[in-house]
file upload-v1.pdb (PDB, C-alpha atoms)
ATOM      1  CA  MET A  32      96.219  81.035  87.948
ATOM      2  CA  ARG A  33      96.785  84.294  86.066
ATOM      3  CA  VAL A  34      97.446  87.219  88.404
ATOM      4  CA  LEU A  35      97.159  90.898  87.417
ATOM      5  CA  ILE A  36      98.938  93.572  89.453
ATOM      6  CA  VAL A  37      97.698  97.116  88.823
ATOM      7  CA  ASP A  38      99.912  99.814  90.325
ATOM      8  CA  ASP A  39     101.561 102.872  88.792
ATOM      9  CA  SER A  40     104.697 102.262  90.860
ATOM     10  CA  SER A  41     107.140  99.637  89.639
ATOM     11  CA  THR A  42     108.578  99.527  93.157
ATOM     12  CA  ALA A  43     105.156  98.654  94.572
ATOM     13  CA  ARG A  44     104.691  95.941  91.955
ATOM     14  CA  ARG A  45     108.087  94.500  92.894
ATOM     15  CA  PHE A  46     107.102  94.495  96.573
ATOM     16  CA  LEU A  47     103.922  92.646  95.785
ATOM     17  CA  LYS A  48     105.575  90.069  93.545
ATOM     18  CA  LYS A  49     108.091  89.435  96.308
ATOM     19  CA  ALA A  50     105.206  88.809  98.718
ATOM     20  CA  LEU A  51     103.322  86.408  96.437
ATOM     21  CA  PRO A  52     103.465  82.669  97.211
ATOM     22  CA  ALA A  53     105.487  80.739  94.643
ATOM     23  CA  PRO A  54     102.504  79.131  92.861
ATOM     24  CA  PHE A  55     101.138  82.586  92.048
ATOM     25  CA  LEU A  56     104.362  83.792  90.433
ATOM     26  CA  ALA A  57     104.114  81.535  87.401
ATOM     27  CA  ASP A  58     101.793  83.806  85.471
ATOM     28  CA  VAL A  59     101.866  87.430  86.625
ATOM     29  CA  VAL A  60     100.769  90.291  84.390
ATOM     30  CA  GLU A  61     101.545  93.883  85.352
ATOM     31  CA  ALA A  62      99.707  97.084  84.515
ATOM     32  CA  ASP A  63     101.317 100.446  85.269
ATOM     33  CA  GLY A  64      98.007 102.261  85.474
ATOM     34  CA  ALA A  65      94.283 101.852  85.913
ATOM     35  CA  ARG A  66      93.307 102.100  82.245
ATOM     36  CA  ARG A  67      95.867  99.509  81.206
ATOM     37  CA  GLY A  68      94.610  97.285  84.009
ATOM     38  CA  LEU A  69      91.057  97.546  82.734
ATOM     39  CA  GLU A  70      92.232  96.807  79.188
ATOM     40  CA  ILE A  71      93.962  93.635  80.337
ATOM     41  CA  CYS A  72      90.878  92.634  82.308
ATOM     42  CA  GLY A  73      88.784  93.220  79.223
ATOM     43  CA  GLU A  74      90.943  90.818  77.244
ATOM     44  CA  GLY A  75      89.941  88.088  79.699
ATOM     45  CA  GLY A  76      91.870  85.288  81.354
ATOM     46  CA  ILE A  77      92.625  87.090  84.621
ATOM     47  CA  ASP A  78      91.870  85.026  87.730
ATOM     48  CA  LEU A  79      92.987  87.401  90.487
ATOM     49  CA  MET A  80      93.722  91.127  90.631
ATOM     50  CA  PHE A  81      95.820  93.147  93.060
ATOM     51  CA  LEU A  82      94.804  96.789  92.800
ATOM     52  CA  ASP A  83      96.392  99.998  94.096
ATOM     53  CA  LEU A  84      94.064 102.821  95.099
ATOM     54  CA  THR A  85      96.160 105.952  94.576
ATOM     55  CA  MET A  86      96.953 106.213  90.890
ATOM     56  CA  PRO A  87      97.013 109.101  88.392
ATOM     57  CA  GLU A  88      94.104 109.791  86.028
ATOM     58  CA  MET A  89      91.940 107.008  87.437
ATOM     59  CA  ASP A  90      92.152 105.650  90.971
ATOM     60  CA  GLY A  91      91.447 102.200  92.328
ATOM     61  CA  TYR A  92      87.943 103.099  93.472
ATOM     62  CA  GLU A  93      87.114 104.083  89.892
ATOM     63  CA  VAL A  94      88.558 100.801  88.640
ATOM     64  CA  LEU A  95      86.305  98.861  90.997
ATOM     65  CA  ALA A  96      83.313 100.914  89.885
ATOM     66  CA  ALA A  97      84.226 100.373  86.226
ATOM     67  CA  LEU A  98      84.542  96.627  86.682
ATOM     68  CA  GLY A  99      81.137  96.512  88.330
ATOM     69  CA  GLY A 100      79.416  93.940  90.445
ATOM     70  CA  VAL A 101      78.909  91.332  87.730
ATOM     71  CA  ARG A 102      82.602  91.175  86.807
ATOM     72  CA  LEU A 103      83.696  91.380  90.442
ATOM     73  CA  ALA A 104      81.506  88.395  91.295
ATOM     74  CA  THR A 105      83.883  86.213  89.304
ATOM     75  CA  LEU A 106      87.127  88.191  89.538
ATOM     76  CA  PRO A 107      88.498  88.481  93.083
ATOM     77  CA  VAL A 108      90.170  91.870  93.602
ATOM     78  CA  ILE A 109      92.523  92.496  96.502
ATOM     79  CA  VAL A 110      93.247  96.165  97.144
ATOM     80  CA  VAL A 111      96.827  96.955  98.165
ATOM     81  CA  SER A 112      97.176 100.509  99.370
ATOM     82  CA  GLY A 113      99.188 102.954 101.433
ATOM     83  CA  ASP A 114      95.912 104.616 102.369
ATOM     84  CA  VAL A 115      95.471 103.517 105.948
ATOM     85  CA  GLN A 116      92.327 105.476 106.750
ATOM     86  CA  THR A 117      89.798 103.234 108.437
ATOM     87  CA  GLN A 118      87.256 104.156 105.767
ATOM     88  CA  ALA A 119      89.475 103.014 102.876
ATOM     89  CA  PRO A 120      88.885  99.250 103.259
ATOM     90  CA  GLU A 121      85.183  99.872 103.860
ATOM     91  CA  LYS A 122      84.861 101.926 100.681
ATOM     92  CA  ALA A 123      86.852  99.438  98.637
ATOM     93  CA  LYS A 124      84.844  96.468  99.884
ATOM     94  CA  ALA A 125      81.577  98.323  99.323
ATOM     95  CA  LEU A 126      82.635  98.628  95.681
ATOM     96  CA  GLY A 127      83.320  94.899  95.431
ATOM     97  CA  ALA A 128      86.913  94.353  96.554
ATOM     98  CA  ARG A 129      87.315  91.072  98.416
ATOM     99  CA  ALA A 130      90.135  92.151 100.715
ATOM    100  CA  PHE A 131      92.430  95.018 101.644
ATOM    101  CA  ILE A 132      96.161  94.869 102.341
ATOM    102  CA  LYS A 133      98.167  97.784 103.714
ATOM    103  CA  LYS A 134     101.377  98.687 101.906
ATOM    104  CA  PRO A 135     104.055  97.570 101.955
ATOM    105  CA  ALA A 136     102.548  94.129 101.484
ATOM    106  CA  SER A 137     104.248  91.356 103.415
ATOM    107  CA  LYS A 138     104.341  87.695 102.476
ATOM    108  CA  GLU A 139     102.416  86.846 105.654
ATOM    109  CA  GLN A 140      99.651  89.397 104.961
ATOM    110  CA  VAL A 141      99.251  88.223 101.387
ATOM    111  CA  GLU A 142      99.074  84.555 102.360
ATOM    112  CA  VAL A 143      96.457  85.226 105.045
ATOM    113  CA  VAL A 144      94.299  87.174 102.602
ATOM    114  CA  LEU A 145      94.666  84.603  99.813
ATOM    115  CA  ARG A 146      93.493  81.909 102.237
ATOM    116  CA  GLU A 147      90.633  84.110 103.461
ATOM    117  CA  ILE A 148      89.269  84.591  99.972
ATOM    118  CA  GLY A 149      89.756  80.922  99.157
ATOM    119  CA  VAL A 150      92.349  81.021  96.392
ATOM    120  CA  LEU A 151      95.198  79.466  98.387
TER     121      LEU A 151
ATOM    122  CA  MET B 259     112.199 126.943  99.945
ATOM    123  CA  GLY B 260     111.735 130.593  99.304
ATOM    124  CA  THR B 261     115.211 131.759 100.170
ATOM    125  CA  SER B 262     118.552 131.031  98.658
ATOM    126  CA  GLY B 263     122.026 130.298  99.862
ATOM    127  CA  GLU B 264     125.056 132.034  98.458
ATOM    128  CA  GLY B 265     128.484 130.661  97.701
ATOM    129  CA  ALA B 266     130.163 128.154  95.437
ATOM    130  CA  ALA B 267     128.318 126.440  92.612
ATOM    131  CA  LEU B 268     126.268 123.519  93.815
ATOM    132  CA  PRO B 269     126.354 120.113  92.151
ATOM    133  CA  ALA B 270     123.474 119.238  89.863
ATOM    134  CA  ALA B 271     121.002 116.992  91.578
ATOM    135  CA  HIS B 272     120.322 113.616  90.072
ATOM    136  CA  LEU B 273     117.804 110.985  90.997
ATOM    137  CA  ALA B 274     117.647 107.951  88.731
ATOM    138  CA  PRO B 275     114.210 106.856  87.475
ATOM    139  CA  ASP B 276     114.246 103.753  89.715
ATOM    140  CA  ALA B 277     115.055 105.898  92.729
ATOM    141  CA  GLN B 278     112.325 108.376  91.816
ATOM    142  CA  ASP B 279     109.808 105.543  91.555
ATOM    143  CA  ALA B 280     110.901 104.126  94.904
ATOM    144  CA  LEU B 281     110.755 107.568  96.517
ATOM    145  CA  GLY B 282     107.261 107.979  95.102
ATOM    146  CA  GLU B 283     106.145 104.737  96.718
ATOM    147  CA  ILE B 284     107.785 105.664 100.016
ATOM    148  CA  VAL B 285     106.068 109.070  99.948
ATOM    149  CA  ASN B 286     102.780 107.440  98.982
ATOM    150  CA  ILE B 287     102.910 105.336 102.136
ATOM    151  CA  GLY B 288     103.973 108.344 104.219
ATOM    152  CA  MET B 289     101.183 110.480 102.811
ATOM    153  CA  GLY B 290      98.717 107.663 103.413
ATOM    154  CA  ARG B 291      99.564 107.880 107.100
ATOM    155  CA  ALA B 292      99.179 111.666 107.007
ATOM    156  CA  ALA B 293      95.786 111.368 105.322
ATOM    157  CA  ALA B 294      94.730 108.857 107.973
ATOM    158  CA  ALA B 295      95.803 111.225 110.746
ATOM    159  CA  LEU B 296      93.806 114.038 109.158
ATOM    160  CA  ALA B 297      90.822 111.767 108.562
ATOM    161  CA  GLN B 298      90.848 110.635 112.179
ATOM    162  CA  SER B 299      91.097 114.202 113.469
ATOM    163  CA  LEU B 300      88.179 115.436 111.394
ATOM    164  CA  SER B 301      86.072 112.288 110.996
ATOM    165  CA  VAL B 302      86.200 112.688 107.221
ATOM    166  CA  PHE B 303      87.513 110.727 104.273
ATOM    167  CA  VAL B 304      90.618 112.184 102.623
ATOM    168  CA  ARG B 305      91.557 111.598  99.005
ATOM    169  CA  MET B 306      95.110 112.102  97.851
ATOM    170  CA  SER B 307      96.952 112.112  94.554
ATOM    171  CA  PRO B 308      99.957 109.990  93.695
ATOM    172  CA  PRO B 309     103.174 111.858  94.456
ATOM    173  CA  THR B 310     104.719 113.962  91.723
ATOM    174  CA  ILE B 311     108.504 113.932  91.832
ATOM    175  CA  ARG B 312     110.674 116.358  89.907
ATOM    176  CA  VAL B 313     114.324 117.244  89.921
ATOM    177  CA  VAL B 314     114.315 120.915  89.018
ATOM    178  CA  ASN B 315     116.566 123.907  89.043
ATOM    179  CA  GLY B 316     115.831 126.230  91.911
ATOM    180  CA  HIS B 317     114.798 128.906  89.440
ATOM    181  CA  SER B 318     111.840 126.825  88.301
ATOM    182  CA  GLN B 319     110.925 125.259  91.624
ATOM    183  CA  TRP B 320     107.802 127.334  91.978
ATOM    184  CA  ASP B 321     106.436 126.026  88.687
ATOM    185  CA  VAL B 322     106.321 122.600  90.308
ATOM    186  CA  VAL B 323     105.116 123.878  93.647
ATOM    187  CA  LEU B 324     102.289 125.774  92.026
ATOM    188  CA  GLY B 325     101.161 123.289  89.411
ATOM    189  CA  ASN B 326      98.329 124.355  87.139
ATOM    190  CA  ARG B 327      95.729 124.014  89.857
ATOM    191  CA  TRP B 328      97.292 126.515  92.224
ATOM    192  CA  ARG B 329      98.984 129.082  90.032
ATOM    193  CA  ASP B 330      96.317 131.756  89.838
ATOM    194  CA  ARG B 331      94.515 131.102  93.079
ATOM    195  CA  ASP B 332      94.562 132.733  96.455
ATOM    196  CA  VAL B 333      96.225 130.386  98.900
ATOM    197  CA  THR B 334      97.615 130.156 102.368
ATOM    198  CA  VAL B 335     101.077 128.654 102.530
ATOM    199  CA  ALA B 336     102.827 127.282 105.606
ATOM    200  CA  ARG B 337     106.464 126.287 105.621
ATOM    201  CA  GLN B 338     108.215 123.787 107.886
ATOM    202  CA  GLY B 339     111.800 122.601 107.861
ATOM    203  CA  PHE B 340     113.105 119.246 108.966
ATOM    204  CA  PHE B 341     116.567 118.315 110.179
ATOM    205  CA  GLY B 342     118.612 115.365 111.344
ATOM    206  CA  ASP B 343     119.485 112.385 109.158
ATOM    207  CA  LEU B 344     117.386 113.919 106.370
ATOM    208  CA  LYS B 345     117.289 117.665 105.830
ATOM    209  CA  GLY B 346     114.858 119.695 103.800
ATOM    210  CA  GLU B 347     111.813 121.821 103.983
ATOM    211  CA  ALA B 348     108.167 121.401 103.184
ATOM    212  CA  LEU B 349     105.311 123.625 102.170
ATOM    213  CA  ALA B 350     101.641 123.045 102.793
ATOM    214  CA  LEU B 351      99.328 124.971 100.473
ATOM    215  CA  PHE B 352      95.703 125.420 101.425
ATOM    216  CA  ASP B 353      92.600 126.909  99.964
ATOM    217  CA  PRO B 354      91.911 130.266 101.578
ATOM    218  CA  ASP B 355      88.738 128.961 103.156
ATOM    219  CA  VAL B 356      90.574 126.110 104.861
ATOM    220  CA  ALA B 357      90.204 127.616 108.309
ATOM    221  CA  ALA B 358      86.467 128.166 107.915
ATOM    222  CA  THR B 359      86.030 124.638 106.553
ATOM    223  CA  MET B 360      88.038 123.186 109.403
ATOM    224  CA  ASN B 361      86.072 125.128 111.976
ATOM    225  CA  ASP B 362      82.893 123.869 110.349
ATOM    226  CA  LEU B 363      84.115 120.265 110.416
ATOM    227  CA  LEU B 364      85.142 120.590 114.039
ATOM    228  CA  GLY B 365      81.925 122.366 114.997
ATOM    229  CA  ILE B 366      83.726 125.510 116.125
ATOM    230  CA  ARG B 367      81.633 128.653 115.994
ATOM    231  CA  SER B 368      84.152 131.474 116.094
ATOM    232  CA  GLY B 369      84.328 134.626 114.054
ATOM    233  CA  ALA B 370      87.873 135.671 113.276
ATOM    234  CA  VAL B 371      90.182 133.056 111.818
ATOM    235  CA  GLY B 372      93.868 133.285 112.517
ATOM    236  CA  PRO B 373      96.841 131.315 111.226
ATOM    237  CA  GLU B 374      96.485 128.567 113.827
ATOM    238  CA  VAL B 375      94.429 126.235 111.648
ATOM    239  CA  PRO B 376      96.776 126.141 108.635
ATOM    240  CA  LEU B 377      99.737 125.894 110.989
ATOM    241  CA  GLU B 378      98.227 122.941 112.812
ATOM    242  CA  LEU B 379      97.258 121.284 109.528
ATOM    243  CA  ALA B 380     100.739 121.827 108.106
ATOM    244  CA  ASN B 381     102.309 120.385 111.230
ATOM    245  CA  LEU B 382     100.069 117.306 111.058
ATOM    246  CA  LEU B 383     100.439 116.632 107.337
ATOM    247  CA  ILE B 384     104.124 117.446 106.972
ATOM    248  CA  GLY B 385     105.118 115.826 110.240
ATOM    249  CA  THR B 386     103.281 112.589 109.555
ATOM    250  CA  CYS B 387     104.266 112.333 105.913
ATOM    251  CA  VAL B 388     107.916 113.325 106.169
ATOM    252  CA  GLY B 389     108.212 111.406 109.428
ATOM    253  CA  GLY B 390     106.821 108.353 107.648
ATOM    254  CA  VAL B 391     109.304 108.751 104.823
ATOM    255  CA  ALA B 392     112.213 109.042 107.264
ATOM    256  CA  ALA B 393     111.023 106.002 109.243
ATOM    257  CA  GLN B 394     110.849 103.859 106.104
ATOM    258  CA  LEU B 395     114.403 104.902 105.289
ATOM    259  CA  SER B 396     115.444 104.163 108.913
ATOM    260  CA  GLN B 397     116.406 107.802 109.470
ATOM    261  CA  LYS B 398     115.766 110.021 112.470
ATOM    262  CA  ILE B 399     114.581 113.563 111.892
ATOM    263  CA  GLY B 400     113.218 116.495 113.828
ATOM    264  CA  PHE B 401     111.069 119.418 112.769
ATOM    265  CA  TYR B 402     111.301 123.159 113.130
ATOM    266  CA  PRO B 403     108.054 124.894 114.089
ATOM    267  CA  PRO B 404     105.885 125.655 111.044
ATOM    268  CA  ALA B 405     105.460 129.249 109.980
ATOM    269  CA  ILE B 406     103.026 130.998 107.678
ATOM    270  CA  LEU B 407     104.803 132.082 104.496
ATOM    271  CA  PHE B 408     101.799 134.054 103.291
ATOM    272  CA  GLN B 409      98.069 133.965 103.834
ATOM    273  CA  ASN B 410      95.225 134.337 101.331
ATOM    274  CA  ARG B 411      97.327 135.717  98.510
ATOM    275  CA  GLU B 412      97.505 134.827  94.851
ATOM    276  CA  LEU B 413     100.323 132.319  94.780
ATOM    277  CA  ALA B 414     102.012 133.317  91.536
ATOM    278  CA  ALA B 415     102.210 136.934  92.639
ATOM    279  CA  ALA B 416     103.300 136.043  96.140
ATOM    280  CA  VAL B 417     106.239 133.909  95.040
ATOM    281  CA  ALA B 418     107.380 136.357  92.379
ATOM    282  CA  GLY B 419     109.144 138.415  95.017
ATOM    283  CA  LEU B 420     110.878 135.503  96.695
ATOM    284  CA  ARG B 421     114.479 134.726  96.035
ATOM    285  CA  GLN B 422     115.097 131.331  94.505
ATOM    286  CA  ARG B 423     117.277 128.559  95.846
ATOM    287  CA  ARG B 424     120.384 127.953  93.776
ATOM    288  CA  GLY B 425     121.139 124.613  92.177
ATOM    289  CA  ASP B 426     118.965 121.604  91.484
ATOM    290  CA  ILE B 427     116.531 120.341  94.068
ATOM    291  CA  VAL B 428     114.304 117.294  94.401
ATOM    292  CA  LEU B 429     110.663 118.276  94.814
ATOM    293  CA  VAL B 430     107.877 115.934  95.868
ATOM    294  CA  ALA B 431     104.246 117.076  95.706
ATOM    295  CA  VAL B 432     101.015 115.423  96.830
ATOM    296  CA  ASP B 433      97.524 116.895  96.468
ATOM    297  CA  PHE B 434      94.747 115.994  98.839
ATOM    298  CA  ASN B 435      91.168 116.923  99.460
ATOM    299  CA  VAL B 436      88.504 116.177 101.973
ATOM    300  CA  ASP B 437      85.817 114.110 100.340
ATOM    301  CA  ALA B 438      82.641 116.026  99.546
ATOM    302  CA  ARG B 439      84.200 119.352 100.621
ATOM    303  CA  HIS B 440      85.926 122.127  98.714
ATOM    304  CA  PHE B 441      88.963 121.757 100.891
ATOM    305  CA  LEU B 442      92.017 121.312  98.802
ATOM    306  CA  GLY B 443      95.598 121.247  99.853
ATOM    307  CA  ARG B 444      99.002 120.385  98.538
ATOM    308  CA  VAL B 445     102.071 119.261 100.428
ATOM    309  CA  VAL B 446     105.407 119.820  98.736
ATOM    310  CA  PHE B 447     108.727 118.943 100.204
ATOM    311  CA  ALA B 448     112.146 119.727  98.890
ATOM    312  CA  PHE B 449     115.549 118.202  99.296
ATOM    313  CA  ALA B 450     118.414 120.566  98.634
ATOM    314  CA  PRO B 451     121.196 119.672  96.164
ATOM    315  CA  GLU B 452     123.592 118.768  98.943
ATOM    316  CA  GLU B 453     121.014 116.288 100.295
ATOM    317  CA  THR B 454     120.109 114.614  97.028
ATOM    318  CA  ALA B 455     123.115 112.317  96.796
ATOM    319  CA  ARG B 456     122.457 111.172 100.351
ATOM    320  CA  LEU B 457     118.788 110.632  99.547
ATOM    321  CA  GLU B 458     119.708 108.506  96.549
ATOM    322  CA  ARG B 459     122.064 106.396  98.680
ATOM    323  CA  LEU B 460     119.340 105.895 101.272
ATOM    324  CA  ILE B 461     116.889 104.799  98.607
ATOM    325  CA  ALA B 462     119.479 102.427  97.145
ATOM    326  CA  THR B 463     119.955 100.895 100.588
ATOM    327  CA  PHE B 464     116.184 100.634 101.034
ATOM    328  CA  LEU B 465     115.853  98.803  97.718
ATOM    329  CA  THR B 466     118.793  96.525  98.428
ATOM    330  CA  GLU B 467     117.325  95.561 101.793
ATOM    331  CA  ALA B 468     113.927  94.962 100.198
ATOM    332  CA  PHE B 469     114.985  93.077  97.093
ATOM    333  CA  GLY B 470     118.617  92.091  97.599
TER     334      GLY B 470
END
call {"tool": "encode", "arguments": {"input": "upload-v1.pdb", "output": "structure tokens"}}
result
Amino acid sequence: MRVLIVDDSSTARRFLKKALPAPFLADVVEADGARRGLEICGEGGIDLMFLDLTMPEMDGYEVLAALGGVRLATLPVIVVSGDVQTQAPEKAKALGARAFIKKPASKEQVEVVLREIGVL
Amino acid sequence: MGTSGEGAALPAAHLAPDAQDALGEIVNIGMGRAAAALAQSLSVFVRMSPPTIRVVNGHSQWDVVLGNRWRDRDVTVARQGFFGDLKGEALALFDPDVAATMNDLLGIRSGAVGPEVPLELANLLIGTCVGGVAAQLSQKIGFYPPAILFQNRELAAAVAGLRQRRGDIVLVAVDFNVDARHFLGRVVFAFAPEETARLERLIATFLTEAFG
């Protein structure tokens, strides 16, 4: 399984990689911004995306909107965000995200969500 | 942030790129909590920017505080210091119509608008964000009461008369707005030169504990 992590913070990407179950670490691609993340998605071959919401130039909501419903039907996106407003998960899921994890992501949270969306 | 200390030359502040990135992520989580507190208070959705982190000389600190968005605008600015294991001060910049917008959101029908609204907002945003940063770094801090630095004045002109802090400081800025409203704000907090080395050590400890 090829996993894409989209977050402008290298620290956040490290946190997430640390929280990923071992089988998911074999093929991880990182994008340090939304546009790069969309480029990588456009190249194909991504099976699962972890997406930050608060990024410069283009935020995670805009990434979800850009991917669109058709792409998101086949590409599960898990939002990982420090935005803990109650509306944030609702907005993200309304745009097609499968799940929402609050930062900093823990191994337990990630495993639960991966099971919930059926990829673990 | 607007006043300076006198005395011996201060050491130049330094924050390595890895530490700046980690601080940005820590602030991002802290500001997320602050946005949630504001959202809950007002029943609105709050958008925020990623943190901007700069190590700047005190003489140019206002360039970072202002940013392009704020330079030539009338703003209300509140200031609040924090003390304890982490020391510094924070500014909250608001659009001049923040009080009217807040009253509208809260359904308050009053005429005259005093400084209470920006003070309360500053207290909420700065307290939650900086408190969240300190908690992530396992530090205990307290806060001085917020005070209005100036109200409804063009920012560039208002800061021109302020004395500048000496030495290099670490500045962190986050913009936020209330979705579907013209309510913009910016929170900036500053760590003085004498605090920067300590901040970097705390971040190093945080990273070591997280990643070994």
call {"tool": "interface_residues", "arguments": {"input": "upload-v1.pdb", "of": "chain B", "to": "chain A", "cutoff": "7 Å", "atoms": "all atoms listed in the file", "output": "PDB file with C-alpha atoms, in the coordinates of the input"}}
result
ATOM      1  CA  ASP B 279     109.808 105.543  91.555  1.00  0.00           C
ATOM      2  CA  ALA B 280     110.901 104.126  94.904  1.00  0.00           C
ATOM      3  CA  GLU B 283     106.145 104.737  96.718  1.00  0.00           C
ATOM      4  CA  ASN B 286     102.780 107.440  98.982  1.00  0.00           C
ATOM      5  CA  ILE B 287     102.910 105.336 102.136  1.00  0.00           C
ATOM      6  CA  GLY B 290      98.717 107.663 103.413  1.00  0.00           C
ATOM      7  CA  ARG B 291      99.564 107.880 107.100  1.00  0.00           C
ATOM      8  CA  ALA B 293      95.786 111.368 105.322  1.00  0.00           C
ATOM      9  CA  ALA B 294      94.730 108.857 107.973  1.00  0.00           C
ATOM     10  CA  ALA B 297      90.822 111.767 108.562  1.00  0.00           C
ATOM     11  CA  PHE B 303      87.513 110.727 104.273  1.00  0.00           C
ATOM     12  CA  SER B 307      96.952 112.112  94.554  1.00  0.00           C
ATOM     13  CA  PRO B 308      99.957 109.990  93.695  1.00  0.00           C
TER      14      PRO B 308
END
call {"tool": "resolve_selection", "arguments": {"input": "upload-v1.pdb", "expression": "the PyMOL selection byres ((chain A and resi 69) around 12)", "output": "count of residues only"}}
result
32
call {"tool": "closest_residue", "arguments": {"input": "upload-v1.pdb", "among": "B:Val314, B:Ala348, B:Ile461, B:Val391", "to": "B:Ile406", "atoms": "all atoms listed in the file"}}
result
B:Ala348
call {"tool": "atom_distance", "arguments": {"input": "upload-v1.pdb", "atom1": "atom CA of B:Asp362", "atom2": "atom CA of B:Leu300"}}
result
10.0 Å
call {"tool": "residues_near_point", "arguments": {"input": "upload-v1.pdb", "point": "(89.8, 125.5, 107.0)", "cutoff": "12 Å", "atoms": "only C-alpha atoms", "output": "MDAnalysis selection string"}}
result
chainID B and resid 300 333:334 351:366 371:380 410 435:436 439:443
call {"tool": "write_last_selection", "arguments": {"input": "upload-v1.pdb", "atoms": "C-alpha atoms", "output": "compact mmCIF listing (two decimals), keeping the file's coordinate frame"}}
result
# COMPACT_ATOMS: atom_id res chain seq x y z
CA LEU B 300 88.18 115.44 111.39
CA VAL B 333 96.22 130.39 98.90
CA THR B 334 97.62 130.16 102.37
CA LEU B 351 99.33 124.97 100.47
CA PHE B 352 95.70 125.42 101.42
CA ASP B 353 92.60 126.91 99.96
CA PRO B 354 91.91 130.27 101.58
CA ASP B 355 88.74 128.96 103.16
CA VAL B 356 90.57 126.11 104.86
CA ALA B 357 90.20 127.62 108.31
CA ALA B 358 86.47 128.17 107.92
CA THR B 359 86.03 124.64 106.55
CA MET B 360 88.04 123.19 109.40
CA ASN B 361 86.07 125.13 111.98
CA ASP B 362 82.89 123.87 110.35
CA LEU B 363 84.12 120.26 110.42
CA LEU B 364 85.14 120.59 114.04
CA GLY B 365 81.92 122.37 115.00
CA ILE B 366 83.73 125.51 116.12
CA VAL B 371 90.18 133.06 111.82
CA GLY B 372 93.87 133.28 112.52
CA PRO B 373 96.84 131.32 111.23
CA GLU B 374 96.48 128.57 113.83
CA VAL B 375 94.43 126.24 111.65
CA PRO B 376 96.78 126.14 108.64
CA LEU B 377 99.74 125.89 110.99
CA GLU B 378 98.23 122.94 112.81
CA LEU B 379 97.26 121.28 109.53
CA ALA B 380 100.74 121.83 108.11
CA ASN B 410 95.22 134.34 101.33
CA ASN B 435 91.17 116.92 99.46
CA VAL B 436 88.50 116.18 101.97
CA ARG B 439 84.20 119.35 100.62
CA HIS B 440 85.93 122.13 98.71
CA PHE B 441 88.96 121.76 100.89
CA LEU B 442 92.02 121.31 98.80
CA GLY B 443 95.60 121.25 99.85
call {"tool": "atom_distance", "arguments": {"input": "upload-v1.pdb", "atom1": "atom CA of B:Val302", "atom2": "atom CA of B:Phe434"}}
result
12.4 Å
call {"tool": "resolve_selection", "arguments": {"input": "upload-v1.pdb", "expression": "the PyMOL selection byres ((chain B and resi 383) around 9)", "output": "CSV table (one decimal) with C-alpha atoms, in the frame of the given file"}}
result
chain,number,residue,atom,x,y,z
B,289,MET,CA,101.2,110.5,102.8
B,291,ARG,CA,99.6,107.9,107.1
B,292,ALA,CA,99.2,111.7,107.0
B,293,ALA,CA,95.8,111.4,105.3
B,295,ALA,CA,95.8,111.2,110.7
B,296,LEU,CA,93.8,114.0,109.2
B,350,ALA,CA,101.6,123.0,102.8
B,378,GLU,CA,98.2,122.9,112.8
B,379,LEU,CA,97.3,121.3,109.5
B,380,ALA,CA,100.7,121.8,108.1
B,381,ASN,CA,102.3,120.4,111.2
B,382,LEU,CA,100.1,117.3,111.1
B,384,ILE,CA,104.1,117.4,107.0
B,385,GLY,CA,105.1,115.8,110.2
B,386,THR,CA,103.3,112.6,109.6
B,387,CYS,CA,104.3,112.3,105.9
B,388,VAL,CA,107.9,113.3,106.2
B,445,VAL,CA,102.1,119.3,100.4
call {"tool": "atom_distance", "arguments": {"input": "upload-v1.pdb", "atom1": "atom CA of A:Ala136", "atom2": "atom CA of A:Pro52"}}
result
12.3 Å
